[in-house]
Amino acid sequence: MMVPAALLMLGALTAVLAPRLLARAQWPEREPVVALWVWQCVVGAVLLCLGLSMLLSAAAAWQAVRGRLFAAAPHGVVDAYAMGASGGPWAAGTALALAGGALWTAALLAREVLRTRAGRRARSAELRERAPLLPGEDPTGARLVVLEGRRPASWWLPGAAPQLVVTTAALGRLKGSQLDAVLAHEQGHAAARHDWLLHCSRALAGGFPQVPVFAAFEAEMHRLVELAADDVASRRYGRLTIALALVGLNEDRGVFGPCSHPQAHVPQRVRRLLSAAPRLPAARRLRLTALATLVPAVPLLVAFVPGLSALA
């Protein structure tokens with residue numbers, strides 16, 4: 001079981017080192033979209049290591065799996081993996097443990113999606129009751145819904161007919177193009193499908209709370225998607241406009257005080273917008289993206305090395 005063990009070791013090494021390296025880096029604040037891609041590639045590489053190790057362990061343990069997995073492989077490839085000598089209880093146990101983890105992850109992701117959809121339907125029904133469609137209004141189009149409320153708030157309700165909901169208190173706070181900047185921020189979330197990133201990160205972190213890479217993945221997804229949406233709005237309406245909109249929506253919530261707050265990331269976002277740090281050069285952004293794309297290729301290379309060596 002040399003190859004499955006090597007894949008497990010590679011996955012563990014990636015899960016330990018990658019979050020530490022990313023935590024020390026300064027560039028994710030300046031390029032959140034690139035950082036989102038890097039995190040997805042890192043987590044994808046870890047999951048790929050586990051998946052390939054599961055398949056090869058199952059092939060080593062059971063002839064039926066081996067026959068299907070290597071059905072189209074040329075003669076000599078199976079011998080290169082030494083499947084006959086690496087079978088036994090260790091291979092079967094590893095395969096079953098990893099398969100259980102995969103099923104558990106899929107179940108949690110399905111639960112997360114179903115729970116989110118149920119909550120979305122409930123909020124949509126409540127919204128339709130509080131703000132019914134006007135005569136002649138297109139029910140399938142994007143809506144800007146204004147609700148009575150004493151607390152400034154705005155949120156995006158995704159779905160087949162996405163809606164931006166704004167309270168009357170927020171309209172009193174948002175001046176000039178600040179409302180347009182908030183709309184652009186929420187549209188940035190919807191266009192990039194940030195909700196799916198949040199679903200996957202919550203499912204992994206909830207299913208494997210003792211695995212640091214998944215906990216860091218969830219925390220960084222919540223932070224980076226907000227930074228990325230801030231950048232979308234700032235490119236259209238300016239950094240100062242979206243920063244003032246954030247202050248206007250959150251100044252009554254106590255987020256700018258000295259005490260800790262669940263939305264403590266808001267002051268950090270405002271400081272980032274006001275500091276106006278320049279973006280990374282295009283060449284470096286391209287280099288970081290290319291390097292991140294190569295990370296999931298490493299497990300594939302490790303898994304295919306024996307077979308490629310046999311063919312050579």
# chains A, B, ... in the order shown; residues from 1 in each chain; ligands from 1
call {"tool": "residues_around", "arguments": {"residues": "Leu52 in chain A", "least_positions_apart": "3", "cutoff": "10 Å", "atoms": "only C-alpha atoms", "output": "PDB file with N, CA, C and O atoms, in the first residue's frame"}}
result
ATOM      1  N   VAL A   3       1.415   3.506  -2.493  1.00  0.00           N
ATOM      2  CA  VAL A   3       0.796   4.680  -3.114  1.00  0.00           C
ATOM      3  C   VAL A   3      -0.342   5.232  -2.263  1.00  0.00           C
ATOM      4  O   VAL A   3      -0.402   6.449  -2.020  1.00  0.00           O
ATOM      5  N   PRO A   4      -1.286   4.414  -1.766  1.00  0.00           N
ATOM      6  CA  PRO A   4      -2.320   4.974  -0.887  1.00  0.00           C
ATOM      7  C   PRO A   4      -1.755   5.636   0.360  1.00  0.00           C
ATOM      8  O   PRO A   4      -2.241   6.692   0.786  1.00  0.00           O
ATOM      9  N   LEU A   7      -0.335   8.980  -0.596  1.00  0.00           N
ATOM     10  CA  LEU A   7      -1.395   9.963  -0.815  1.00  0.00           C
ATOM     11  C   LEU A   7      -1.957  10.475   0.506  1.00  0.00           C
ATOM     12  O   LEU A   7      -2.241  11.671   0.646  1.00  0.00           O
ATOM     13  N   LEU A   8      -2.117   9.585   1.472  1.00  0.00           N
ATOM     14  CA  LEU A   8      -2.592  10.027   2.784  1.00  0.00           C
ATOM     15  C   LEU A   8      -1.599  10.979   3.441  1.00  0.00           C
ATOM     16  O   LEU A   8      -1.984  11.996   4.038  1.00  0.00           O
ATOM     17  N   LEU A  47      -8.926  16.723  -0.570  1.00  0.00           N
ATOM     18  CA  LEU A  47     -10.002  15.768  -0.853  1.00  0.00           C
ATOM     19  C   LEU A  47      -9.608  14.792  -1.955  1.00  0.00           C
ATOM     20  O   LEU A  47      -9.984  13.609  -1.914  1.00  0.00           O
ATOM     21  N   LEU A  48      -8.842  15.272  -2.931  1.00  0.00           N
ATOM     22  CA  LEU A  48      -8.386  14.384  -4.001  1.00  0.00           C
ATOM     23  C   LEU A  48      -7.421  13.337  -3.464  1.00  0.00           C
ATOM     24  O   LEU A  48      -7.466  12.162  -3.879  1.00  0.00           O
ATOM     25  N   CYS A  49      -6.556  13.721  -2.561  1.00  0.00           N
ATOM     26  CA  CYS A  49      -5.652  12.744  -1.930  1.00  0.00           C
ATOM     27  C   CYS A  49      -6.446  11.657  -1.223  1.00  0.00           C
ATOM     28  O   CYS A  49      -6.143  10.457  -1.361  1.00  0.00           O
ATOM     29  N   LEU A  55      -9.756   4.837  -3.422  1.00  0.00           N
ATOM     30  CA  LEU A  55      -9.912   3.980  -4.597  1.00  0.00           C
ATOM     31  C   LEU A  55      -8.800   2.934  -4.683  1.00  0.00           C
ATOM     32  O   LEU A  55      -9.059   1.745  -4.925  1.00  0.00           O
ATOM     33  N   LEU A  56      -7.558   3.365  -4.472  1.00  0.00           N
ATOM     34  CA  LEU A  56      -6.452   2.424  -4.581  1.00  0.00           C
ATOM     35  C   LEU A  56      -6.452   1.422  -3.429  1.00  0.00           C
ATOM     36  O   LEU A  56      -6.070   0.262  -3.611  1.00  0.00           O
ATOM     37  N   SER A  57      -6.870   1.846  -2.236  1.00  0.00           N
ATOM     38  CA  SER A  57      -6.974   0.903  -1.123  1.00  0.00           C
ATOM     39  C   SER A  57      -8.063  -0.123  -1.386  1.00  0.00           C
ATOM     40  O   SER A  57      -7.886  -1.320  -1.094  1.00  0.00           O
ATOM     41  N   ALA A  58      -9.193   0.343  -1.940  1.00  0.00           N
ATOM     42  CA  ALA A  58     -10.265  -0.602  -2.262  1.00  0.00           C
ATOM     43  C   ALA A  58      -9.823  -1.576  -3.350  1.00  0.00           C
ATOM     44  O   ALA A  58     -10.152  -2.771  -3.313  1.00  0.00           O
ATOM     45  N   ALA A  95      -9.903   1.780   3.103  1.00  0.00           N
ATOM     46  CA  ALA A  95     -10.924   2.078   2.093  1.00  0.00           C
ATOM     47  C   ALA A  95     -12.279   2.333   2.735  1.00  0.00           C
ATOM     48  O   ALA A  95     -12.993   3.275   2.367  1.00  0.00           O
ATOM     49  N   LEU A  98     -12.285   5.770   4.636  1.00  0.00           N
ATOM     50  CA  LEU A  98     -12.351   6.908   3.722  1.00  0.00           C
ATOM     51  C   LEU A  98     -13.697   6.981   3.014  1.00  0.00           C
ATOM     52  O   LEU A  98     -14.220   8.079   2.773  1.00  0.00           O
ATOM     53  N   PRO A 299      -1.491  15.267  -6.337  1.00  0.00           N
ATOM     54  CA  PRO A 299      -2.010  13.927  -6.008  1.00  0.00           C
ATOM     55  C   PRO A 299      -2.204  13.036  -7.232  1.00  0.00           C
ATOM     56  O   PRO A 299      -1.952  11.825  -7.156  1.00  0.00           O
ATOM     57  N   LEU A 300      -2.641  13.634  -8.331  1.00  0.00           N
ATOM     58  CA  LEU A 300      -2.795  12.827  -9.548  1.00  0.00           C
ATOM     59  C   LEU A 300      -1.452  12.290 -10.012  1.00  0.00           C
ATOM     60  O   LEU A 300      -1.349  11.129 -10.437  1.00  0.00           O
ATOM     61  N   VAL A 302       1.186  11.669  -8.123  1.00  0.00           N
ATOM     62  CA  VAL A 302       1.613  10.610  -7.209  1.00  0.00           C
ATOM     63  C   VAL A 302       0.857   9.317  -7.499  1.00  0.00           C
ATOM     64  O   VAL A 302       1.423   8.211  -7.468  1.00  0.00           O
ATOM     65  N   ALA A 303      -0.443   9.431  -7.781  1.00  0.00           N
ATOM     66  CA  ALA A 303      -1.259   8.232  -8.013  1.00  0.00           C
ATOM     67  C   ALA A 303      -0.896   7.535  -9.311  1.00  0.00           C
ATOM     68  O   ALA A 303      -0.963   6.300  -9.418  1.00  0.00           O
TER      69      ALA A 303
END
call {"tool": "closest_residue", "arguments": {"among": "A:Val34, A:Leu171, A:Leu288, A:Leu246", "to": "Arg269 in chain A", "atoms": "only C-alpha atoms"}}
result
A:Leu246
call {"tool": "residues_around", "arguments": {"residues": "Ser201 in chain A", "least_positions_apart": "5", "cutoff": "9 Å", "atoms": "only C-alpha atoms", "output": "ChimeraX atom specification"}}
result
/A:196,206,214-215,217-219,221
call {"tool": "residues_around", "arguments": {"residues": "Thr293 in chain A", "least_positions_apart": "5", "cutoff": "12 Å", "atoms": "only C-alpha atoms", "output": "JSON, numbers by chain"}}
result
{"A": [34, 35, 36, 37, 38, 39, 40, 41, 42, 43, 44, 45, 286, 287, 288, 298]}
call {"tool": "closest_residue", "arguments": {"among": "A:Gly93, A:Tyr237, A:Ala60, A:Ala122", "to": "Val78 in chain A", "atoms": "only C-alpha atoms"}}
result
A:Ala60
call {"tool": "select_by_dssp", "arguments": {"residues": "range 159-203 of chain A", "states": "helix (DSSP H, G or I)", "output": "PyMOL selection string"}}
result
chain A and resi 168-173+178-191+194-203
call {"tool": "write_last_selection", "arguments": {"atoms": "N, CA and C atoms", "output": "CSV table (one decimal), in the first residue's frame"}}
result
chain,number,residue,atom,x,y,z
A,168,THR,N,-36.2,50.7,5.7
A,168,THR,CA,-36.4,52.2,5.5
A,168,THR,C,-35.3,52.9,6.3
A,169,ALA,N,-34.9,52.3,7.4
A,169,ALA,CA,-33.8,53.0,8.2
A,169,ALA,C,-32.5,53.0,7.4
A,170,ALA,N,-32.3,52.0,6.6
A,170,ALA,CA,-31.1,52.0,5.8
A,170,ALA,C,-31.2,53.0,4.7
A,171,LEU,N,-32.3,53.2,4.1
A,171,LEU,CA,-32.5,54.3,3.1
A,171,LEU,C,-32.2,55.7,3.7
A,172,GLY,N,-32.6,55.8,5.0
A,172,GLY,CA,-32.3,57.1,5.6
A,172,GLY,C,-30.8,57.3,5.8
A,173,ARG,N,-30.1,56.2,5.9
A,173,ARG,CA,-28.6,56.3,6.2
A,173,ARG,C,-27.8,56.4,4.9
A,178,GLN,N,-24.5,55.3,-2.4
A,178,GLN,CA,-24.2,54.3,-1.4
A,178,GLN,C,-25.2,53.1,-1.6
A,179,LEU,N,-26.4,53.4,-1.9
A,179,LEU,CA,-27.4,52.3,-2.1
A,179,LEU,C,-27.0,51.5,-3.3
A,180,ASP,N,-26.6,52.2,-4.4
A,180,ASP,CA,-26.1,51.4,-5.6
A,180,ASP,C,-24.9,50.6,-5.3
A,181,ALA,N,-24.0,51.1,-4.4
A,181,ALA,CA,-22.8,50.3,-4.0
A,181,ALA,C,-23.2,49.1,-3.3
A,182,VAL,N,-24.1,49.2,-2.4
A,182,VAL,CA,-24.6,48.0,-1.6
A,182,VAL,C,-25.2,47.0,-2.6
A,183,LEU,N,-26.0,47.5,-3.5
A,183,LEU,CA,-26.6,46.6,-4.5
A,183,LEU,C,-25.5,45.9,-5.3
A,184,ALA,N,-24.5,46.6,-5.7
A,184,ALA,CA,-23.4,46.0,-6.5
A,184,ALA,C,-22.6,45.0,-5.6
A,185,HIS,N,-22.5,45.3,-4.3
A,185,HIS,CA,-21.8,44.3,-3.4
A,185,HIS,C,-22.6,43.0,-3.4
A,186,GLU,N,-23.9,43.1,-3.2
A,186,GLU,CA,-24.7,41.9,-3.1
A,186,GLU,C,-24.8,41.2,-4.5
A,187,GLN,N,-24.8,41.9,-5.6
A,187,GLN,CA,-24.8,41.3,-6.9
A,187,GLN,C,-23.5,40.6,-7.1
A,188,GLY,N,-22.4,41.1,-6.6
A,188,GLY,CA,-21.1,40.4,-6.7
A,188,GLY,C,-21.2,39.0,-6.0
A,189,HIS,N,-21.8,39.0,-4.9
A,189,HIS,CA,-22.0,37.6,-4.2
A,189,HIS,C,-22.8,36.7,-5.1
A,190,ALA,N,-23.9,37.2,-5.7
A,190,ALA,CA,-24.8,36.4,-6.5
A,190,ALA,C,-24.1,35.9,-7.8
A,191,ALA,N,-23.3,36.8,-8.4
A,191,ALA,CA,-22.7,36.5,-9.7
A,191,ALA,C,-21.6,35.4,-9.5
A,194,HIS,N,-21.2,32.8,-4.4
A,194,HIS,CA,-20.5,32.6,-3.1
A,194,HIS,C,-21.3,31.7,-2.1
A,195,ASP,N,-22.6,31.6,-2.3
A,195,ASP,CA,-23.4,30.8,-1.4
A,195,ASP,C,-22.9,29.3,-1.5
A,196,TRP,N,-22.5,28.9,-2.7
A,196,TRP,CA,-22.1,27.5,-2.8
A,196,TRP,C,-20.7,27.3,-2.1
A,197,LEU,N,-19.9,28.3,-2.1
A,197,LEU,CA,-18.6,28.2,-1.3
A,197,LEU,C,-18.9,28.1,0.1
A,198,LEU,N,-19.8,28.9,0.6
A,198,LEU,CA,-20.2,28.9,2.0
A,198,LEU,C,-20.8,27.5,2.4
A,199,HIS,N,-21.7,27.0,1.5
A,199,HIS,CA,-22.3,25.7,1.8
A,199,HIS,C,-21.2,24.6,2.0
A,200,CYS,N,-20.3,24.5,1.0
A,200,CYS,CA,-19.3,23.5,1.1
A,200,CYS,C,-18.4,23.7,2.3
A,201,SER,N,-18.0,24.9,2.6
A,201,SER,CA,-17.1,25.1,3.7
A,201,SER,C,-17.8,24.8,5.0
A,202,ARG,N,-19.1,25.1,5.2
A,202,ARG,CA,-19.8,24.8,6.4
A,202,ARG,C,-20.0,23.3,6.5
A,203,ALA,N,-20.2,22.6,5.4
A,203,ALA,CA,-20.4,21.1,5.5
A,203,ALA,C,-19.1,20.4,5.9
call {"tool": "atom_distance", "arguments": {"atom1": "CA of Gly207 in chain A", "atom2": "CA of Gly11 in chain A"}}
result
17.3 Å
call {"tool": "atom_distance", "arguments": {"atom1": "CA of Ser234 in chain A", "atom2": "CA of Leu22 in chain A"}}
result
24.6 Å
call {"tool": "closest_residue", "arguments": {"among": "A:Leu204, A:Ala192, A:Ala72, A:Met54", "to": "Ala107 in chain A", "atoms": "only C-alpha atoms"}}
result
A:Leu204
call {"tool": "select_by_dssp", "arguments": {"residues": "range 11-241 of chain A", "states": "strand (DSSP E)", "output": "list of chain:residue names"}}
result
A:Arg143, A:Leu144, A:Val145, A:Val146, A:Leu147, A:Ser154, A:Trp155, A:Trp156, A:Leu157, A:Gln163, A:Leu164, A:Val165, A:Val166, A:Thr167
call {"tool": "closest_residue", "arguments": {"among": "A:Glu148, A:Ala18, A:Trp156, A:Ala205", "to": "Trp104 in chain A", "atoms": "only C-alpha atoms"}}
result
A:Ala205
call {"tool": "atom_distance", "arguments": {"atom1": "CA of Arg123 in chain A", "atom2": "CA of Ser177 in chain A"}}
result
27.2 Å
call {"tool": "residues_around", "arguments": {"residues": "Arg30 in chain A", "least_positions_apart": "5", "cutoff": "8 Å", "atoms": "only C-alpha atoms", "output": "ChimeraX atom specification"}}
result
/A:277-280
call {"tool": "closest_residue", "arguments": {"among": "A:Phe304, A:Leu249, A:Arg111, A:Gly76", "to": "Trp155 in chain A", "atoms": "only C-alpha atoms"}}
result
A:Leu249
call {"tool": "residues_around", "arguments": {"residues": "Ser154 in chain A", "least_positions_apart": "2", "cutoff": "7 Å", "atoms": "only C-alpha atoms", "output": "list in words"}}
result
Val165, Val166 and Thr167 of chain A
call {"tool": "write_last_selection", "arguments": {"atoms": "N, CA, C and O atoms", "output": "PDB file, in the first residue's frame"}}
result
ATOM      1  N   VAL A 165     -33.108  43.320  -0.366  1.00  0.00           N
ATOM      2  CA  VAL A 165     -34.026  43.838   0.640  1.00  0.00           C
ATOM      3  C   VAL A 165     -33.303  44.931   1.427  1.00  0.00           C
ATOM      4  O   VAL A 165     -32.184  44.734   1.897  1.00  0.00           O
ATOM      5  N   VAL A 166     -33.956  46.085   1.556  1.00  0.00           N
ATOM      6  CA  VAL A 166     -33.404  47.230   2.270  1.00  0.00           C
ATOM      7  C   VAL A 166     -34.477  47.759   3.207  1.00  0.00           C
ATOM      8  O   VAL A 166     -35.648  47.868   2.826  1.00  0.00           O
ATOM      9  N   THR A 167     -34.089  48.069   4.440  1.00  0.00           N
ATOM     10  CA  THR A 167     -35.039  48.646   5.379  1.00  0.00           C
ATOM     11  C   THR A 167     -35.125  50.155   5.179  1.00  0.00           C
ATOM     12  O   THR A 167     -34.223  50.785   4.620  1.00  0.00           O
TER      13      THR A 167
END
call {"tool": "closest_residue", "arguments": {"among": "A:Leu224, A:Val266, A:Asp252, A:Leu127", "to": "Arg150 in chain A", "atoms": "only C-alpha atoms"}}
result
A:Asp252
